[in-house]
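For reference, the structure discussed in these notes is given below.
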Protein chains: 4
Amino acid sequence: MSKHVLAQNQYGKAENRIVKITRQGNEGAWHEIRDLNVSVALRGEFRQVHLTGDNGNCLPTDTTKNTVYAFAKEHGIASPEAFAILLAKHFVHSQPVIHEAQIRVEEYAWDRISVPTRAEQHSFVRKGQEVRTAQVTHSGQTGQLQVISGLKDLTVMNSTNSEFHGFIKDKYTTLQEAYDRILATKVTARWAHSALTADAEDFDWDRSYKSARRHMLEAFAETYSYSLQQTLNAMAERVLDNCQSVNEVRLNLPNKHHFLVDLEPFGLKNDNEVYYAADRMYGLIEGTIHRDGVQPVIATSDWITA
Amino acid sequence: MSKHVLAQNQYGKAENRIVKITRQGNEGAWHEIRDLNVSVALRGEFRQVHLTGDNGNCLPTDTTKNTVYAFAKEHGIASPEAFAILLAKHFVHSQPVIHEAQIRVEEYAWDRISVPTRAEQHSFVRKGQEVRTAQVTHSGQTGQLQVISGLKDLTVMNSTNSEFHGFIKDKYTTLQEAYDRILATKVTARWAHSALTADAEDFDWDRSYKSARRHMLEAFAETYSYSLQQTLNAMAERVLDNCQSVNEVRLNLPNKHHFLVDLEPFGLKNDNEVYYAADRMYGLIEGTIHRDGVQPVIATSDWITA
Amino acid sequence: MSKHVLAQNQYGKAENRIVKITRQGNEGAWHEIRDLNVSVALRGEFRQVHLTGDNGNCLPTDTTKNTVYAFAKEHGIASPEAFAILLAKHFVHSQPVIHEAQIRVEEYAWDRISVPTRAEQHSFVRKGQEVRTAQVTHSGQTGQLQVISGLKDLTVMNSTNSEFHGFIKDKYTTLQEAYDRILATKVTARWAHSALTADAEDFDWDRSYKSARRHMLEAFAETYSYSLQQTLNAMAERVLDNCQSVNEVRLNLPNKHHFLVDLEPFGLKNDNEVYYAADRMYGLIEGTIHRDGVQPVIATSDWITA
Amino acid sequence: MSKHVLAQNQYGKAENRIVKITRQGNEGAWHEIRDLNVSVALRGEFRQVHLTGDNGNCLPTDTTKNTVYAFAKEHGIASPEAFAILLAKHFVHSQPVIHEAQIRVEEYAWDRISVPTRAEQHSFVRKGQEVRTAQVTHSGQTGQLQVISGLKDLTVMNSTNSEFHGFIKDKYTTLQEAYDRILATKVTARWAHSALTADAEDFDWDRSYKSARRHMLEAFAETYSYSLQQTLNAMAERVLDNCQSVNEVRLNLPNKHHFLVDLEPFGLKNDNEVYYAADRMYGLIEGTIHRDGVQPVIATSDWITA
């Protein structure tokens, strides 16, 4: 009957929103918070679940949700990566039918609201800048542990030191060459760590994150740009040069166009001062840079020629 | 024919996204940016536009857009409020058929990306916290100038010092009394300035904004809360007490529920540590507080009994 | 102490998502569904809740949520309006401290998935066109019952029969006159019913909704337009002319600009064929039309001169 | 210097929104519209663009945008797939440095607004149900043409005939077995066509789309479900059984949970009538089914063990 093949499949509970409070100091008056969105995906021997609805091999998505909350209590949340590693290992090692688990985490950062007159610290304002991301995949069969850190929604702008010219002109080209333009983008970045790092129990994921983020920002600011591709490459290389644990960086950079407004009809000269910030359409520049000798692992778009 | 009445009506170009660069210092190497979203609404004698399509009294929305961009060049953008005042006055005073203009502005804040080795400053990262808002309404007939400042999307949390009990119990009440809960909300605030302030040409709107924002945050952090209504009142009173120019504050505070997860089925005690952050449904608390003797002007929801 | 005044305030549970299944026919095999998003706002004597955190007058928002779900079982959901009327009356009449209640409802429509071979009917696909809205406000003090029906997110387009010219030209005007353009908008409409209708227990709200929706669409399609204002007026008048229960219509019509793409650089003539559909900025046209002698009640933007 | 490797990279203009009007019949009074969102991604020899900012091999994203609009005029838009095939071939064949092009299209469907009294047909209302998708990838080196059709945002519900039980119970399991539940999901589907079909110039893509969509909906409605996985498999198999051109189907099915509300505290029995429709968290079920002997090509999440 089955002339059809069940290929890649996975399931789990997505977007479990969890806030974890940790109390420290005198009478627990100093609060720390971690605010995460955790998604679970399980892969394994789920053939009968699909073909006959026999759920004997199916750990409910509801159980995967409960596990996330219980683990936060039992093990705490040292970092998005460390928490995801714990969860991924648990699912693979506790159920033989689960061959691989992938945990995706988003973290929302908070600042303290400073209250000069008070010793207790339990008031926070959401930072609201980038969202930190982490993805951990663990295979029970190979024992492989893959950790991809990242961020999204980090919007940056250089108001000068960007040019674009010397490009191909075909019959559909009307773009003028630019010798001073705004360069702005909303960064989505992912970086894969070496296997050694992923397996190290005492690796400082928070410090690593801060370092990668800072080097990307500095490379963006310091690069005199002739194309967004060049800036992308510079940002990725800077991370590889400065973050030893990182083997591979993939960036997704929408070119957030800022068009100089033509003010001449009103007798005004627009000396790179007044811009219209456009939403759509936008250039979209994507690329992976990795260390020599390393096999890239971060997903790209569908790609025929490999 | 016309047994129907054309009542309140208005039109204009909405969401004009504008970025303005100002160069300062040695060779203009120090850049300042303002990043706004400006909406124009015009009110006046537009009867024929509606009834017959005679556009003799219609200043095109496209023209209102052009005016926004040209004014940024001609007058600069000292602050959202100052820029909106200029625009509102222009529309009302330049076209007799326009009796009233309302300008709404959103501002997106940017931080500098610090590059230690560099004198030039033209690199920015979007702050991404709250959006600052301003609304200016100017009537040509009364000469009145109404300025409402505000913010939105400022998410705050107290991880303790919040209780809720002693409430009405009716036959549909199942809520347990709470003696220690998370209190979190996403603040939308609007505050109206006195006429004197609105008309003062040298008023420091940026400083006023920072002050109102700080006092609201501090009041949120310092209030031991028995209801979100009480916190709302404290936040508004704090602004009125500390910001002389402000006559009225309206707050819209969704209660972002954080539910304590029941970990007992797993043999764990959840001592106010692990929370599920819910999206919907949510409590929604709204209120206006104003100085005695002042007529409130900030729009509320439809309200029958006035 | 209180030199400040607590003015308009309200609270309640917002966005209670509810799906109600009704079984009919042979062994209940014919299912009907209503899919609503219900928001509750209560107004009344809540001074102490704000000033001291004494919640003795506070019916918890959680209770208002429970009431929504319990009422769906007890009374069914005949229509968004009928359900909202029941809820509004309940809150006002069951708690003396609640002087006014406002219930807002969104309804999401579903079509059946037709399965020719089957008698049972329990499979649905979400229609996904406009969202139907209803707002009911009931005052215990005046006994007044105000019902405002509406819709949002209904996107319409005329690919011809729209012009725009003869408008004011000032120094900032560059717009060319247009004699054949696309006219497209995403309709938000609200219409208020007469008190007689609101109080009638057997009024057919579903039929009324379908009629108002149809007449607006037909007026949009049949009006040869010289301005979006004129189309707005025609749509509103058509509803007033054909829906006896409606006293007032307010429309909010963003002008979804479709710009003719200049293809001349490529040696092509664009004979009103290829358009760029823009997101922002957009014209925004708003207006209220009501029957003569009726007091308009639908909220507009802040408005100084009344 | 370059110890780093530039791996997969691509660029192009994303989200070109285009509306194309075609006039037919007597004096062109019968209008047809296609409303698309077209994204272009180019792959090829772009090393120097990244490493040195030499743009000699870079066809500007602005040019790719112009090409989309010009092609709509020159060739018309027979279907999303046919239009994407034309564009992909053009980019690969006109520029030797471009080795592969991927075109992604979203289509928004419109219904006519019927005006009984009128012969002309130029009034439309956006259907607003699912978004149709197409992705075409063409490699100049292999000559391969890969066409993946699809849809997203199609929300469906069975109000009965769904069970879930017999699953694994571990220490974190609290879920009760369910013998009658609502099954609802928002379908994202993609299906890959055989090479033969992709190359056929006269293939009817619109008819193929309607057929695949209908068979998925019918399979959803007709399957008595013991798990969402089983329903997923049934939907995919139905398409493979009925659509000869399709080799592979991938479905992404969030389990839109509808929780039965506990009405017992209010003395009411909830006989599968009143549900709370939850937003987050949600189960997420994904899977690929393909014909035997076919190599799957549709992208999945990052996957270690292949």
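Ordered as shown in the structure tokens, chains take letters A, B, and onward, while each chain numbers its residues from 1 and ligands are numbered from 1 in the order shown.
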
For region 254-270 of chain B, work out the shell of residues within 9 Å, counting only C-alpha atoms and skipping chain neighbours fewer than 2 positions away, then give it as an NGL selection string.
(:A and (18-19 or 66 or 69-70 or 73-74)) or (:B and (181-188 or 228 or 252 or 272-286)) or (:C and (14)) or (:D and (171-174))

Over all order-paired Cα atoms, chain B deviates from chain A after least-squares fitting by an RMSD of 0.0 Å

Quick check for you: according to DSSP on this backbone, which residues of region 164-272 of chain D are classed as strand (DSSP E)? Reply as a list in words.
Leu183, Ala184, Thr185, Lys186, Val187, Thr188, Ala189, Arg190, Trp191, Ala192, His193, Val246, Asn247, Glu248, Val249, Arg250, Leu251, Asn252, Leu253, Pro254, Asn255, His258, Phe259 and Leu260 of chain D

Output the contact residues of chain C with respect to chain B at a cut-off of 7 Å, based on only C-alpha atoms, as a PyMOL selection string.
chain C and resi 3-16+49-53+55-63+66-67+165-169+172-175+226-227+229-230+233+280-292+298-299+302

Any chance you can output those residues with C-alpha atoms as a compact mmCIF listing (two decimals), in the first residue's frame?
```
# COMPACT_ATOMS: atom_id res chain seq x y z
CA LYS C 3 -4.93 68.04 44.70
CA HIS C 4 -5.35 65.60 41.79
CA VAL C 5 -8.56 64.29 40.34
CA LEU C 6 -9.22 60.72 39.23
CA ALA C 7 -11.22 61.16 36.03
CA GLN C 8 -12.35 58.59 33.43
CA ASN C 9 -11.18 55.12 34.39
CA GLN C 10 -12.17 51.58 33.49
CA TYR C 11 -10.85 48.04 33.72
CA GLY C 12 -11.70 44.48 32.79
CA LYS C 13 -10.39 41.40 31.04
CA ALA C 14 -9.51 42.00 27.41
CA GLU C 15 -9.37 39.55 24.51
CA ASN C 16 -11.13 36.52 25.89
CA VAL C 49 -9.05 50.86 44.36
CA HIS C 50 -6.92 53.60 42.83
CA LEU C 51 -6.15 55.66 45.88
CA THR C 52 -5.54 53.12 48.62
CA GLY C 53 -5.53 49.70 46.94
CA ASN C 55 -10.28 46.30 46.47
CA GLY C 56 -13.66 46.07 48.16
CA ASN C 57 -15.33 47.55 45.08
CA CYS C 58 -13.26 45.59 42.57
CA LEU C 59 -14.79 42.66 40.70
CA PRO C 60 -11.64 40.85 39.49
CA THR C 61 -10.90 40.86 35.78
CA ASP C 62 -10.61 37.09 36.17
CA THR C 63 -14.26 37.00 37.20
CA ASN C 66 -15.28 33.51 33.78
CA THR C 67 -18.57 35.28 33.18
CA HIS C 165 -7.58 66.53 -9.75
CA GLY C 166 -8.63 70.13 -9.27
CA PHE C 167 -7.00 70.21 -5.85
CA ILE C 168 -5.18 73.07 -4.10
CA LYS C 169 -1.62 73.69 -5.28
CA TYR C 172 4.92 72.11 -1.57
CA THR C 173 2.64 70.51 -4.15
CA THR C 174 4.23 68.25 -6.77
CA LEU C 175 1.44 65.71 -7.26
CA TYR C 226 -13.19 61.93 -7.76
CA SER C 227 -11.74 61.57 -4.26
CA GLN C 229 -13.66 61.31 0.56
CA GLN C 230 -16.44 61.17 -1.99
CA ASN C 233 -19.48 59.57 1.82
CA ARG C 280 3.69 53.43 3.89
CA MET C 281 3.14 56.38 3.92
CA TYR C 282 -0.58 56.32 3.03
CA GLY C 283 -3.39 58.80 2.85
CA LEU C 284 -5.84 58.39 5.70
CA ILE C 285 -9.42 59.55 5.19
CA GLU C 286 -11.89 59.47 8.07
CA GLY C 287 -15.42 60.72 8.44
CA THR C 288 -18.75 60.41 10.18
CA ILE C 289 -22.12 60.68 8.41
CA HIS C 290 -25.32 60.55 10.41
CA ARG C 291 -29.03 61.06 10.01
CA ASP C 292 -30.25 64.59 10.50
CA ILE C 298 -18.95 56.95 17.63
CA ALA C 299 -15.51 57.94 18.94
CA ASP C 302 -9.10 63.96 19.86
```

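By chain and then residue number, the residues within 9 Å of region 205-215 of chain C are Ala78, Ser79, Pro80, Glu81, Ala82, Arg132, Ser149, Gly150, Leu151, Trp191, Asp202, Phe203, Leu217, Glu218, Ala219, Phe220, Met235, Ala236, Arg238, Val239, Leu240, Asn242, Cys243, Ser245 and Val246 of chain C, counting only C-alpha atoms and disregarding those fewer than 2 positions away in sequence.
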
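For the pair CA of Ile148 (chain D) and CA of Ile85 (chain D), the interatomic distance is 11.1 Å.
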
List every residue of region 30-277 of chain C that DSSP, applied to the backbone, labels as alpha helix (DSSP H), and write the result as an MDAnalysis selection string.
chainID C and resid 47:51 61:75 80:94 195:199 205:222 228:242
